[in-house]
file work.txt (compact mmCIF, C-alpha atoms)
# COMPACT_ATOMS: atom_id res chain seq x y z
CA MET O 93 14.77 48.35 -7.82
CA PRO O 94 14.47 45.70 -5.04
CA LYS O 95 10.96 44.84 -6.32
CA LEU O 96 12.30 44.45 -9.84
CA VAL O 97 15.11 42.19 -8.59
CA ASN O 98 12.62 40.08 -6.63
CA THR O 99 10.35 39.79 -9.65
CA LEU O 100 13.22 38.70 -11.89
CA THR O 101 14.38 36.20 -9.26
CA ILE O 102 10.91 34.67 -8.91
CA GLY O 103 10.60 34.53 -12.69
CA ALA O 104 13.92 32.73 -13.01
CA TYR O 105 12.88 30.37 -10.20
CA TYR O 106 9.69 29.52 -12.11
CA ARG O 107 11.33 29.20 -15.53
CA SER O 108 14.03 26.89 -14.19
CA GLY O 109 11.35 24.40 -13.06
CA ARG O 110 12.60 24.44 -9.49
CA LEU O 111 9.35 25.95 -8.20
CA SER O 112 7.36 23.03 -9.63
CA GLN O 113 9.94 20.54 -8.37
CA HIS O 114 9.99 21.97 -4.84
CA LEU O 115 6.19 22.04 -4.65
CA LEU O 116 6.06 18.37 -5.67
CA TRP O 117 8.69 17.65 -3.02
CA LEU O 118 6.56 19.46 -0.45
CA ALA O 119 3.50 17.47 -1.54
CA CYS O 120 5.44 14.22 -1.02
CA GLY O 121 6.54 15.29 2.45
CA ALA O 122 2.97 16.17 3.38
CA GLY O 123 1.82 12.83 2.00
CA VAL O 124 4.27 10.88 4.17
CA ALA O 125 3.32 12.85 7.27
CA GLY O 126 -0.36 12.42 6.45
CA LEU O 127 -0.08 8.64 6.10
CA LEU O 128 1.43 8.34 9.56
CA ALA O 129 -0.30 11.04 11.53
CA SER O 130 -2.65 13.56 9.97
CA ARG O 131 -5.59 13.26 7.58
CA ALA O 132 -5.45 17.02 7.07
CA LEU O 133 -2.01 16.73 5.50
CA ILE O 134 -3.24 13.92 3.25
CA ALA O 135 -5.95 16.26 2.00
CA LEU O 136 -3.42 19.08 1.56
CA SER O 137 -0.92 16.97 -0.37
CA PRO O 138 -2.93 16.70 -3.64
CA VAL O 139 -3.60 20.44 -3.56
CA VAL O 140 0.12 21.15 -3.41
CA GLY O 141 0.59 18.58 -6.17
CA VAL O 142 -1.81 20.52 -8.39
CA LEU O 143 0.16 23.69 -7.73
CA ALA O 144 3.33 21.81 -8.69
CA VAL O 145 1.73 20.87 -12.01
CA LEU O 146 0.61 24.44 -12.71
CA ALA O 147 4.11 25.71 -11.87
CA ASN O 148 5.75 23.54 -14.53
CA PRO O 149 7.06 26.01 -17.18
CA GLN O 150 6.88 23.25 -19.81
CA LEU O 151 3.42 22.07 -18.85
CA ARG O 152 2.00 22.25 -22.38
CA GLN O 153 4.78 20.14 -23.91
CA THR O 154 4.62 17.64 -21.05
CA ALA O 155 0.83 17.31 -21.22
CA VAL O 156 0.92 16.37 -24.90
CA SER O 157 2.66 13.07 -24.11
CA CYS O 158 0.47 12.07 -21.13
CA TRP O 159 -1.35 9.50 -23.23
CA ARG O 160 1.92 7.60 -23.63
CA ASN O 161 2.33 7.06 -19.88
CA GLY O 162 0.97 3.54 -19.37
CA ALA O 163 1.02 3.76 -15.56
CA LEU O 164 -1.21 6.84 -15.69
CA LEU O 165 -3.56 5.31 -18.26
CA ARG O 166 -4.04 2.12 -16.24
CA ALA O 167 -5.00 4.18 -13.18
CA ALA O 168 -7.42 6.16 -15.36
CA ALA O 169 -8.92 2.88 -16.64
CA LEU O 170 -9.97 2.03 -13.09
CA VAL O 171 -11.82 5.34 -12.82
CA ALA O 172 -13.37 4.84 -16.27
CA PHE O 173 -14.67 1.40 -15.29
CA LEU O 174 -16.22 2.81 -12.12
CA LEU O 175 -17.83 5.54 -14.21
CA LEU O 176 -19.27 2.99 -16.67
CA SER O 177 -20.53 0.81 -13.82
CA GLY O 178 -23.05 3.58 -13.16
CA ILE O 179 -25.04 2.02 -16.03
CA TYR O 180 -25.97 -0.98 -13.89
CA THR O 181 -25.40 0.18 -10.31
CA SER O 182 -28.29 0.42 -7.87
CA GLU O 183 -26.41 2.08 -4.98
CA TRP O 184 -26.28 5.60 -6.40
CA ALA O 185 -25.20 7.33 -3.20
CA VAL O 186 -22.32 4.89 -2.72
CA TRP O 187 -21.42 5.16 -6.43
CA ARG O 188 -21.13 8.96 -6.22
CA HIS O 189 -19.01 8.67 -3.09
CA GLU O 190 -16.72 6.08 -4.70
CA LEU O 191 -16.42 8.21 -7.82
CA PHE O 192 -15.28 11.13 -5.67
CA ARG O 193 -12.75 8.91 -3.85
CA SER O 194 -11.46 7.59 -7.16
CA LEU O 195 -10.24 11.06 -8.14
CA THR O 196 -7.16 10.16 -6.11
CA TRP O 197 -6.34 7.67 -8.88
CA LEU O 198 -6.17 10.58 -11.32
CA GLY O 199 -4.77 13.40 -9.20
CA VAL O 200 -1.69 11.72 -7.74
CA PRO O 201 -0.45 10.04 -10.96
CA LEU O 202 -1.07 13.27 -12.88
CA ALA O 203 1.07 15.20 -10.39
CA PHE O 204 3.99 12.81 -10.91
CA THR O 205 3.42 12.94 -14.68
CA LEU O 206 3.02 16.67 -15.27
CA ALA O 207 5.13 18.32 -12.56
CA VAL O 208 8.89 18.67 -12.89
CA PRO O 209 10.34 15.35 -11.62
CA LEU O 210 12.15 15.20 -8.31
CA SER O 211 15.91 14.98 -8.29
CA GLY O 212 17.68 11.91 -6.93
CA ARG O 213 18.54 13.78 -3.73
CA GLN O 214 14.94 14.83 -3.21
CA ARG O 215 13.66 11.29 -3.80
CA ARG O 216 16.15 9.93 -1.26
CA ALA O 217 14.98 12.57 1.22
CA VAL O 218 11.34 11.49 0.80
CA GLY O 219 12.33 7.84 1.18
CA GLY O 220 14.39 8.60 4.26
CA LEU O 221 11.52 10.60 5.75
CA PHE O 222 9.16 7.65 5.25
CA VAL O 223 11.57 5.11 6.77
CA LEU O 224 12.61 7.20 9.77
CA SER O 225 9.12 8.53 10.51
CA THR O 226 7.65 5.04 10.37
CA ALA O 227 10.39 3.75 12.67
CA ALA O 228 9.76 6.63 15.11
CA VAL O 229 6.03 5.83 15.28
CA ALA O 230 6.92 2.15 15.71
CA LEU O 231 9.28 2.93 18.59
CA ALA O 232 6.65 5.08 20.33
CA THR O 233 4.02 2.37 19.85
CA LEU O 234 6.41 -0.25 21.23
CA ALA O 235 6.97 1.93 24.30
CA LYS O 236 3.19 2.17 24.72
CA TYR O 237 2.99 -1.63 24.70
CA LEU O 238 5.82 -2.03 27.23
CA LEU O 239 4.04 0.32 29.65
CA ASP O 240 1.12 -2.12 29.92
CA PRO O 241 1.99 -5.46 28.27
CA ILE O 242 -0.62 -7.45 30.23
CA SER O 243 -3.59 -5.52 28.84
CA ALA O 244 -2.07 -5.55 25.34
CA ASP O 245 -1.51 -9.33 25.45
CA ALA O 246 -5.09 -9.83 26.63
CA ALA O 247 -6.32 -7.85 23.60
CA ILE O 248 -4.08 -9.86 21.26
CA ASN O 249 -5.47 -13.05 22.76
CA VAL O 250 -8.95 -12.20 21.45
CA GLY O 251 -7.67 -11.17 18.00
CA HIS O 252 -7.26 -7.43 18.58
CA ASN O 253 -4.15 -5.36 17.87
CA VAL O 254 -2.12 -2.74 19.67
CA GLN O 255 -3.11 0.52 18.05
CA ALA O 256 -0.34 2.65 16.57
CA ILE O 257 0.45 5.66 18.75
CA THR O 258 -0.84 7.99 16.00
CA GLY O 259 -4.04 6.00 15.44
CA VAL O 260 -3.08 4.47 12.08
CA PHE O 261 -5.15 1.38 11.24
CA HIS O 262 -3.13 -1.69 12.20
CA ILE O 263 -3.21 -3.41 8.78
CA ALA O 264 -1.99 -0.29 6.99
CA PHE O 265 0.56 0.35 9.72
CA GLY O 266 1.90 -3.20 9.52
CA THR O 267 2.25 -2.81 5.76
CA MET O 268 4.09 0.50 6.16
CA LEU O 269 6.43 -1.10 8.70
CA ALA O 270 7.34 -3.90 6.29
CA GLN O 271 7.82 -1.49 3.39
CA ALA O 272 9.94 0.86 5.51
CA PHE O 273 12.13 -2.08 6.53
CA PHE O 274 12.95 -3.01 2.94
CA TRP O 275 13.32 0.56 1.71
CA GLY O 276 15.54 1.44 4.66
CA LEU O 277 17.94 -1.37 3.79
CA LEU O 278 17.87 -0.34 0.13
CA LEU O 279 18.60 3.30 0.95
CA ARG O 280 21.65 2.18 2.94
CA ARG O 281 23.15 0.93 -0.32
CA GLN O 282 23.06 4.38 -1.92
CA GLN O 283 26.53 5.85 -2.33
CA GLN O 284 25.27 9.29 -1.36
CA VAL O 285 24.25 8.05 2.12
CA GLY O 286 27.18 8.54 4.51
CA PRO O 287 28.24 6.28 7.40
CA LEU O 288 25.98 8.07 9.88
CA GLY O 289 23.01 7.76 7.55
CA ARG O 290 23.66 4.05 7.06
CA ALA O 291 23.84 3.51 10.82
CA VAL O 292 20.58 5.40 11.40
CA LEU O 293 18.77 3.48 8.64
CA LEU O 294 20.02 0.16 10.01
CA ALA O 295 18.80 1.12 13.48
CA ALA O 296 15.42 2.05 11.99
CA ALA O 297 15.18 -1.34 10.27
CA ALA O 298 16.01 -3.10 13.55
CA VAL O 299 13.33 -1.13 15.42
CA ILE O 300 10.79 -2.02 12.76
CA VAL O 301 11.54 -5.76 12.89
CA LEU O 302 11.40 -5.73 16.68
CA THR O 303 8.09 -3.85 16.69
CA LEU O 304 6.47 -6.20 14.17
CA HIS O 305 7.37 -9.23 16.28
CA VAL O 306 6.71 -7.84 19.76
CA LEU O 307 3.34 -6.37 18.77
CA ALA O 308 2.58 -9.46 16.67
CA TYR O 309 1.11 -7.56 13.73
CA ARG O 310 -0.10 -10.58 11.79
CA THR O 311 -0.44 -8.84 8.44
CA GLY O 312 2.82 -6.93 8.76
CA LEU O 313 4.70 -10.12 9.60
CA LEU O 314 3.17 -11.87 6.60
CA VAL O 315 4.35 -9.05 4.32
CA LEU O 316 7.81 -8.97 5.93
CA TYR O 317 8.43 -12.69 5.59
CA ALA O 318 6.99 -12.82 2.07
CA GLY O 319 9.49 -10.13 1.01
CA LEU O 320 12.40 -11.89 2.71
CA LEU O 321 11.41 -15.21 1.14
CA ALA O 322 11.30 -13.62 -2.31
CA TYR O 323 14.76 -12.13 -1.72
CA ALA O 324 16.13 -15.48 -0.58
CA ILE O 325 14.79 -17.13 -3.75
CA ARG O 326 16.38 -14.36 -5.83
CA LEU O 327 19.73 -14.98 -4.14
CA LEU O 328 19.51 -18.67 -4.97
CA LEU O 329 18.59 -17.95 -8.59
CA LYS O 330 21.60 -15.63 -8.83
CA LYS O 331 23.80 -18.51 -7.62
CA HIS O 332 24.45 -16.88 -4.23
CA VAL O 333 23.78 -20.22 -2.59
CA VAL O 334 25.39 -19.60 0.79
CA PHE O 335 23.59 -16.27 1.39
CA GLY O 336 20.30 -17.64 0.03
CA LEU O 337 20.34 -20.74 2.23
CA GLY O 338 21.45 -18.64 5.19
CA LEU O 339 18.50 -16.30 4.76
CA LEU O 340 16.12 -19.26 4.40
CA ALA O 341 17.50 -20.66 7.65
CA LEU O 342 16.91 -17.32 9.38
CA LEU O 343 13.36 -17.22 7.99
CA ALA O 344 12.69 -20.62 9.52
CA LEU O 345 14.42 -19.77 12.79
CA GLY O 346 12.96 -16.28 13.28
CA PRO O 347 9.31 -17.23 13.85
CA TRP O 348 10.34 -20.10 16.14
CA VAL O 349 12.51 -17.84 18.31
CA ALA O 350 9.75 -15.22 18.43
CA PHE O 351 7.21 -17.84 19.52
CA GLN O 352 9.51 -19.17 22.22
CA THR O 353 10.42 -15.78 23.66
CA LEU O 354 7.48 -13.42 23.15
CA HIS O 355 4.17 -13.86 24.96
CA SER O 356 2.43 -11.63 22.42
CA VAL O 357 3.43 -13.96 19.56
CA GLN O 358 2.29 -17.01 21.54
CA ARG O 359 -1.07 -15.34 22.17
CA ARG O 360 -1.41 -14.43 18.49
CA VAL O 361 -0.68 -17.98 17.32
CA GLU O 362 -3.06 -19.49 19.85
CA SER O 363 -5.86 -17.05 19.02
CA THR O 364 -5.39 -17.59 15.28
CA SER O 365 -5.53 -21.37 15.65
CA TRP O 366 -8.62 -21.10 17.87
CA ASP O 367 -10.28 -18.74 15.36
CA ILE O 368 -9.86 -21.19 12.51
CA LYS O 369 -11.10 -24.10 14.62
CA GLN O 370 -14.33 -22.25 15.44
CA TYR O 371 -15.06 -21.75 11.73
CA VAL O 372 -14.17 -25.31 10.70
CA GLN O 373 -16.27 -26.86 13.47
CA GLY O 374 -19.26 -24.58 12.77
CA ASN O 375 -19.24 -23.03 16.24
CA ASP O 376 -20.33 -19.52 17.21
CA ILE O 377 -17.88 -17.19 15.43
CA ASN O 378 -19.34 -13.83 16.41
CA ASP O 379 -16.33 -12.98 18.58
CA TYR O 380 -13.60 -14.25 16.26
CA SER O 381 -12.27 -11.92 13.56
CA LEU O 382 -10.40 -14.47 11.42
CA ALA O 383 -13.35 -16.88 11.47
CA ARG O 384 -15.64 -14.07 10.31
CA ARG O 385 -13.22 -13.35 7.46
CA LEU O 386 -13.35 -16.98 6.36
CA ALA O 387 -17.13 -16.80 6.36
CA ALA O 388 -16.90 -13.64 4.25
CA VAL O 389 -14.73 -15.46 1.69
CA GLU O 390 -17.35 -18.20 1.36
CA THR O 391 -20.05 -15.55 0.99
CA ALA O 392 -18.06 -13.69 -1.66
CA ALA O 393 -17.48 -16.89 -3.66
CA SER O 394 -21.24 -17.37 -4.00
CA ILE O 395 -21.69 -13.84 -5.39
CA ILE O 396 -18.77 -14.18 -7.81
CA ARG O 397 -20.13 -17.41 -9.32
CA ARG O 398 -23.34 -15.62 -10.30
CA ASN O 399 -21.73 -12.35 -11.50
CA TRP O 400 -18.38 -13.42 -12.93
CA LEU O 401 -18.07 -11.15 -16.00
CA VAL O 402 -18.57 -7.52 -14.83
CA GLY O 403 -19.57 -8.13 -11.22
CA VAL O 404 -22.39 -6.47 -9.34
CA GLY O 405 -20.78 -3.04 -9.67
CA PRO O 406 -18.03 -1.62 -7.41
CA ALA O 407 -20.54 0.51 -5.51
CA ASP O 408 -22.89 -2.47 -4.98
CA ALA O 409 -20.31 -4.93 -3.64
CA TYR O 410 -21.02 -4.48 0.07
CA ALA O 411 -24.79 -4.42 -0.46
CA ALA O 412 -24.45 -7.71 -2.36
CA MET O 413 -22.53 -9.18 0.57
CA LEU O 414 -25.28 -8.14 2.98
CA ASP O 415 -27.94 -9.68 0.75
CA GLU O 416 -25.99 -12.93 0.60
CA TYR O 417 -25.63 -13.00 4.40
CA ARG O 418 -29.42 -12.85 4.66
CA TRP O 419 -29.53 -16.19 2.88
CA LYS O 420 -26.68 -17.76 4.86
CA ASN O 421 -25.37 -15.89 7.86
CA PHE O 422 -23.20 -18.57 9.60
CA GLY O 423 -24.95 -17.71 12.85
CA LEU O 424 -23.49 -14.21 12.74
CA ARG O 425 -25.32 -11.21 14.14
CA PRO O 426 -25.92 -8.49 11.50
CA ALA O 427 -23.32 -6.28 13.16
CA ASN O 428 -20.73 -8.98 12.37
CA TRP O 429 -21.55 -9.39 8.67
CA VAL O 430 -18.12 -8.28 7.53
CA ASN O 431 -16.93 -7.45 4.04
CA VAL O 432 -14.45 -9.74 2.33
CA HIS O 433 -10.86 -9.05 3.43
CA ASN O 434 -9.22 -9.76 0.10
CA GLN O 435 -8.65 -7.15 -2.60
CA TYR O 436 -8.72 -9.67 -5.44
CA LEU O 437 -12.05 -11.14 -4.35
CA SER O 438 -13.37 -7.62 -3.75
CA ALA O 439 -12.41 -6.69 -7.33
CA LEU O 440 -14.20 -9.81 -8.62
CA ILE O 441 -17.38 -9.03 -6.67
CA GLY O 442 -17.54 -5.44 -7.86
CA GLY O 443 -16.08 -5.75 -11.36
CA GLY O 444 -15.97 -9.42 -12.27
CA VAL O 445 -13.23 -10.65 -14.57
CA VAL O 446 -13.07 -7.23 -16.26
CA GLY O 447 -12.55 -5.34 -13.01
CA LEU O 448 -10.00 -7.85 -11.77
CA ALA O 449 -8.06 -7.61 -15.05
CA ILE O 450 -7.84 -3.80 -14.70
CA TRP O 451 -6.66 -4.11 -11.12
CA LEU O 452 -4.05 -6.78 -11.94
CA SER O 453 -2.74 -4.64 -14.81
CA ILE O 454 -2.22 -1.73 -12.41
CA LEU O 455 -0.40 -3.96 -9.95
CA PHE O 456 1.73 -6.21 -12.15
CA TRP O 457 1.97 -4.69 -15.65
CA PRO O 458 4.91 -2.42 -14.73
CA LEU O 459 7.06 -5.53 -14.25
CA ARG O 460 7.05 -6.19 -17.99
CA HIS O 461 9.78 -3.53 -18.31
CA ARG O 462 13.25 -4.93 -17.69
CA GLY O 463 14.34 -1.67 -16.08
CA THR O 464 11.42 -1.81 -13.67
CA ARG O 465 12.20 -5.39 -12.72
CA ARG O 466 15.70 -4.23 -11.84
CA ASN O 467 14.39 -1.43 -9.62
CA PRO O 468 14.20 -3.03 -6.15
CA TYR O 469 12.11 -0.19 -4.72
CA ILE O 470 9.31 -0.84 -7.21
CA VAL O 471 9.64 -4.62 -6.94
CA PHE O 472 9.28 -4.54 -3.15
CA PHE O 473 6.39 -2.08 -3.44
CA ILE O 474 4.51 -4.42 -5.77
CA LEU O 475 5.39 -7.50 -3.73
CA THR O 476 4.32 -6.02 -0.40
CA GLN O 477 1.07 -4.63 -1.80
CA ALA O 478 0.25 -7.86 -3.64
CA THR O 479 0.80 -9.79 -0.40
CA VAL O 480 -1.22 -7.59 1.93
CA MET O 481 -4.11 -7.52 -0.53
CA MET O 482 -4.53 -11.27 -0.13
CA VAL O 483 -5.69 -10.67 3.44
CA ALA O 484 -7.21 -7.16 3.26
CA ASP O 485 -9.36 -5.14 0.86
CA MET O 486 -6.96 -2.22 1.22
CA LEU O 487 -8.52 0.03 -1.40
CA SER O 488 -11.84 0.18 0.46
CA LEU O 489 -10.04 1.92 3.33
CA GLN O 490 -9.04 5.53 2.81
CA ILE O 491 -5.66 4.99 4.47
CA GLY O 492 -5.09 1.89 2.31
CA LEU O 493 -6.04 3.77 -0.86
CA ASN O 494 -3.78 6.69 0.03
CA LEU O 495 -0.89 4.37 0.85
CA PHE O 496 -1.14 2.50 -2.44
CA VAL O 497 -1.74 5.48 -4.72
CA PHE O 498 1.05 7.54 -3.15
CA GLY O 499 3.54 4.68 -3.56
CA TYR O 500 2.24 3.99 -7.06
CA GLY O 501 2.69 7.61 -8.10
CA PHE O 502 6.05 8.14 -6.37
CA LEU O 503 7.58 4.92 -7.70
CA VAL O 504 5.74 3.46 -10.70
CA VAL O 505 4.33 6.57 -12.41
CA ALA O 506 7.49 8.59 -11.78
CA ASP O 507 9.60 5.74 -13.21
CA GLU O 508 7.46 5.65 -16.36
CA THR O 509 7.61 9.45 -16.63
CA ASN O 510 11.40 9.48 -16.35
CA ARG O 511 11.65 6.77 -19.00
CA LEU O 512 9.50 8.78 -21.41
CA ARG O 513 11.49 11.96 -20.72
CA ALA O 514 14.73 10.11 -21.38
CA ASN O 515 13.38 8.78 -24.69
CA ARG O 516 12.26 12.26 -25.74
CA LYS O 517 15.46 13.85 -24.31
CA LEU O 518 13.54 16.71 -22.74
CA PRO O 519 15.51 19.05 -20.47
CA ASP O 520 14.70 18.77 -16.77

call {"tool": "encode", "arguments": {"input": "work.txt", "output": "structure tokens"}}
result
Amino acid sequence: MPKLVNTLTIGAYYRSGRLSQHLLWLACGAGVAGLLASRALIALSPVVGVLAVLANPQLRQTAVSCWRNGALLRAAALVAFLLLSGIYTSEWAVWRHELFRSLTWLGVPLAFTLAVPLSGRQRRAVGGLFVLSTAAVALATLAKYLLDPISADAAINVGHNVQAITGVFHIAFGTMLAQAFFWGLLLRRQQQVGPLGRAVLLAAAAVIVLTLHVLAYRTGLLVLYAGLLAYAIRLLLKKHVVFGLGLLALLALGPWVAFQTLHSVQRRVESTSWDIKQYVQGNDINDYSLARRLAAVETAASIIRRNWLVGVGPADAYAAMLDEYRWKNFGLRPANWVNVHNQYLSALIGGGVVGLAIWLSILFWPLRHRGTRRNPYIVFFILTQATVMMVADMLSLQIGLNLFVFGYGFLVVADETNRLRANRKLPD
């Protein structure tokens, strides 16, 4: 009898869709933890996502309408273009590796399309986990800096960054800090978040802002201030003149105060200015990261002019950069022939106008929906990613790819899925 009761209970659990929903929730939690700390959990997350899909009791009915999910189809178009680029690629080993990596573009969106959608409470829990976990890593990293600020400032002075305590790449970590700041403030506005939750989220946002400034994460600060500037403009357009002008004043005052009070910010500004001067004056730039990036942009522009339609092939992009450096190397040693740190230019090198169009459709097409434009979580996701990709080729890094695709699936694909379900009036 107990076995029969257990079997019936498990069957009811499966038929209700809660098994699929809870597995997707678990996959999201593993994804957040993996982004901040563990590659193993990042690898485990898609596996749990697949199990969530298979546990959906209405999988057949849900799968029939997959072709109507534009967010999923645009992600699939990127994979299809990479597959077709095999016709003219010459770097077969790299192409096979990139094709394997690109499966993330299919697996994660499919999980958020075919599994039972998360409830509002579960989505808030995932968002809270991301904000609070990011703030905790930021606080620990800040403590690491304060234990030896002299050595850290010396590293910043030559263009290096204080490594996150968990080893997350500094550009991705800076982006996560900025995103967690905005999402933490947005979560505070939820009615379901009590006074204690609001206080904790506000404290997390304060820790994040402090960390970004003290550690002088150049990319993270760019993303943070770009988001705040966009919000200030929105306030002014909505006729909230006093709040909009007040925020603009704070945006102008914040960097000045940080420069006057924080040695790390002073070192970062001085090193950045010196970097640019070395490139402009044609000096030796082997030891200057920003100057090398500027040289990479010039190198990329030469390749794009010759291969503007379909590019050299996504798998051949770095090889093309190396070949171009052999013609003009800016006095750089081969070890310093860096790839272009700009996702848009990277898309143009590998895919030309066609590849760039696919990428821009993934990034900006969701905003054509009025409901999406009114969803601040998605708007800030798109804004922060669009900003960071002006100064980093995020998708070439595994952590950058995971960060984008997870956010894209959790926010954009899930939003499109929920809209389709509402139109079809399917039961949850």

call {"tool": "residues_around", "arguments": {"input": "work.txt", "residues": "region 463-473 of chain O", "least_positions_apart": "3", "cutoff": "9 Å", "atoms": "only C-alpha atoms", "output": "list in words"}}
result
Gln271, Phe274, Trp275, Leu278, Gly319, Pro458, Leu459, Arg460, Thr476, Gln477, Ala478, Phe496, Gly499, Tyr500, Leu503, Val504, Asp507 and Glu508 of chain O

call {"tool": "atom_distance", "arguments": {"input": "work.txt", "atom1": "CA of Leu343 (chain O)", "atom2": "CA of Leu327 (chain O)"}}
result
13.9 Å

call {"tool": "closest_residue", "arguments": {"input": "work.txt", "among": "O:Leu339, O:Ala264, O:Ala383, O:Ala318", "to": "Asp485 (chain O)", "atoms": "only C-alpha atoms"}}
result
O:Ala264

call {"tool": "residues_around", "arguments": {"input": "work.txt", "residues": "region 110-122 of chain O", "least_positions_apart": "4", "cutoff": "7 Å", "atoms": "only C-alpha atoms", "output": "PDB file with C-alpha atoms, keeping the file's coordinate frame"}}
result
ATOM      1  CA  TYR O 105      12.880  30.370 -10.200  1.00  0.00           C
ATOM      2  CA  TYR O 106       9.690  29.520 -12.110  1.00  0.00           C
ATOM      3  CA  GLY O 126      -0.360  12.420   6.450  1.00  0.00           C
ATOM      4  CA  LEU O 133      -2.010  16.730   5.500  1.00  0.00           C
ATOM      5  CA  ILE O 134      -3.240  13.920   3.250  1.00  0.00           C
ATOM      6  CA  SER O 137      -0.920  16.970  -0.370  1.00  0.00           C
ATOM      7  CA  PRO O 138      -2.930  16.700  -3.640  1.00  0.00           C
ATOM      8  CA  VAL O 140       0.120  21.150  -3.410  1.00  0.00           C
ATOM      9  CA  GLY O 141       0.590  18.580  -6.170  1.00  0.00           C
ATOM     10  CA  LEU O 143       0.160  23.690  -7.730  1.00  0.00           C
ATOM     11  CA  ALA O 144       3.330  21.810  -8.690  1.00  0.00           C
ATOM     12  CA  VAL O 145       1.730  20.870 -12.010  1.00  0.00           C
ATOM     13  CA  ALA O 147       4.110  25.710 -11.870  1.00  0.00           C
ATOM     14  CA  ASN O 148       5.750  23.540 -14.530  1.00  0.00           C
ATOM     15  CA  ALA O 207       5.130  18.320 -12.560  1.00  0.00           C
ATOM     16  CA  VAL O 208       8.890  18.670 -12.890  1.00  0.00           C
ATOM     17  CA  PRO O 209      10.340  15.350 -11.620  1.00  0.00           C
ATOM     18  CA  LEU O 210      12.150  15.200  -8.310  1.00  0.00           C
ATOM     19  CA  GLN O 214      14.940  14.830  -3.210  1.00  0.00           C
ATOM     20  CA  VAL O 218      11.340  11.490   0.800  1.00  0.00           C
TER      21      VAL O 218
END

call {"tool": "atom_distance", "arguments": {"input": "work.txt", "atom1": "CA of Thr196 (chain O)", "atom2": "CA of Thr267 (chain O)"}}
result
19.9 Å

call {"tool": "residues_near_point", "arguments": {"input": "work.txt", "point": "(-16.3, -8.6, -16.1)", "cutoff": "9 Å", "atoms": "all atoms listed in the file", "output": "list in words"}}
result
Asn399, Trp400, Leu401, Val402, Gly403, Leu440, Gly442, Gly443, Gly444, Val445, Val446, Gly447, Leu448 and Ala449 of chain O

call {"tool": "residues_around", "arguments": {"input": "work.txt", "residues": "Pro149 (chain O)", "least_positions_apart": "5", "cutoff": "8 Å", "atoms": "only C-alpha atoms", "output": "JSON, numbers by chain"}}
result
{"O": [106, 107, 108, 109]}

call {"tool": "closest_residue", "arguments": {"input": "work.txt", "among": "O:Leu175, O:Leu206, O:Ile441, O:Ala217", "to": "Asp408 (chain O)", "atoms": "only C-alpha atoms"}}
result
O:Ile441

call {"tool": "residues_around", "arguments": {"input": "work.txt", "residues": "Asp379 (chain O)", "least_positions_apart": "2", "cutoff": "12 Å", "atoms": "only C-alpha atoms", "output": "VMD selection string"}}
result
chain O and resid 249 to 252 363 366 to 367 370 to 371 375 to 377 381 to 385 423 to 425 427 to 429

call {"tool": "atom_distance", "arguments": {"input": "work.txt", "atom1": "CA of Phe502 (chain O)", "atom2": "CA of Ala272 (chain O)"}}
result
14.5 Å

call {"tool": "closest_residue", "arguments": {"input": "work.txt", "among": "O:Leu294, O:Leu202, O:Ile102, O:Ala350", "to": "Gly162 (chain O)", "atoms": "all atoms listed in the file"}}
result
O:Leu202

call {"tool": "closest_atom_pairs", "arguments": {"input": "work.txt", "of": "region 339-366 of chain O", "to": "region 298-316 of chain O", "cutoff": "8 Å", "atoms": "only C-alpha atoms", "output": "JSON lines"}}
result
{"residue": "O:Ala350", "atom": "CA", "partner": "O:His305", "partner_atom": "CA", "distance": 6.8}
{"residue": "O:Leu354", "atom": "CA", "partner": "O:Val306", "partner_atom": "CA", "distance": 6.6}
{"residue": "O:Ser356", "atom": "CA", "partner": "O:Ala308", "partner_atom": "CA", "distance": 6.1}
{"residue": "O:Val357", "atom": "CA", "partner": "O:Ala308", "partner_atom": "CA", "distance": 5.4}
{"residue": "O:Arg360", "atom": "CA", "partner": "O:Ala308", "partner_atom": "CA", "distance": 6.6}

call {"tool": "closest_residue", "arguments": {"input": "work.txt", "among": "O:Val229, O:Gly212, O:Val254, O:Arg513", "to": "Gln283 (chain O)", "atoms": "all atoms listed in the file"}}
result
O:Gly212

call {"tool": "residues_around", "arguments": {"input": "work.txt", "residues": "Met486 (chain O)", "least_positions_apart": "5", "cutoff": "10 Å", "atoms": "only C-alpha atoms", "output": "MDAnalysis selection string"}}
result
chainID O and resid 263:264 433:435 438 477 480:481 491:496

call {"tool": "closest_residue", "arguments": {"input": "work.txt", "among": "O:Ile395, O:Ala246, O:Leu198, O:Leu437", "to": "Leu165 (chain O)", "atoms": "only C-alpha atoms"}}
result
O:Leu198

call {"tool": "axis_aligned_box", "arguments": {"input": "work.txt", "around": "region 502-510 of chain O", "padding_each_side": "3 Å", "output": "JSON"}}
result
{"center_x": 7.9, "center_y": 6.5, "center_z": -11.5, "size_x": 13.1, "size_y": 12.0, "size_z": 16.3}

call {"tool": "closest_residue", "arguments": {"input": "work.txt", "among": "O:Leu414, O:Asp245, O:Tyr436, O:Pro347", "to": "Ile450 (chain O)", "atoms": "only C-alpha atoms"}}
result
O:Tyr436
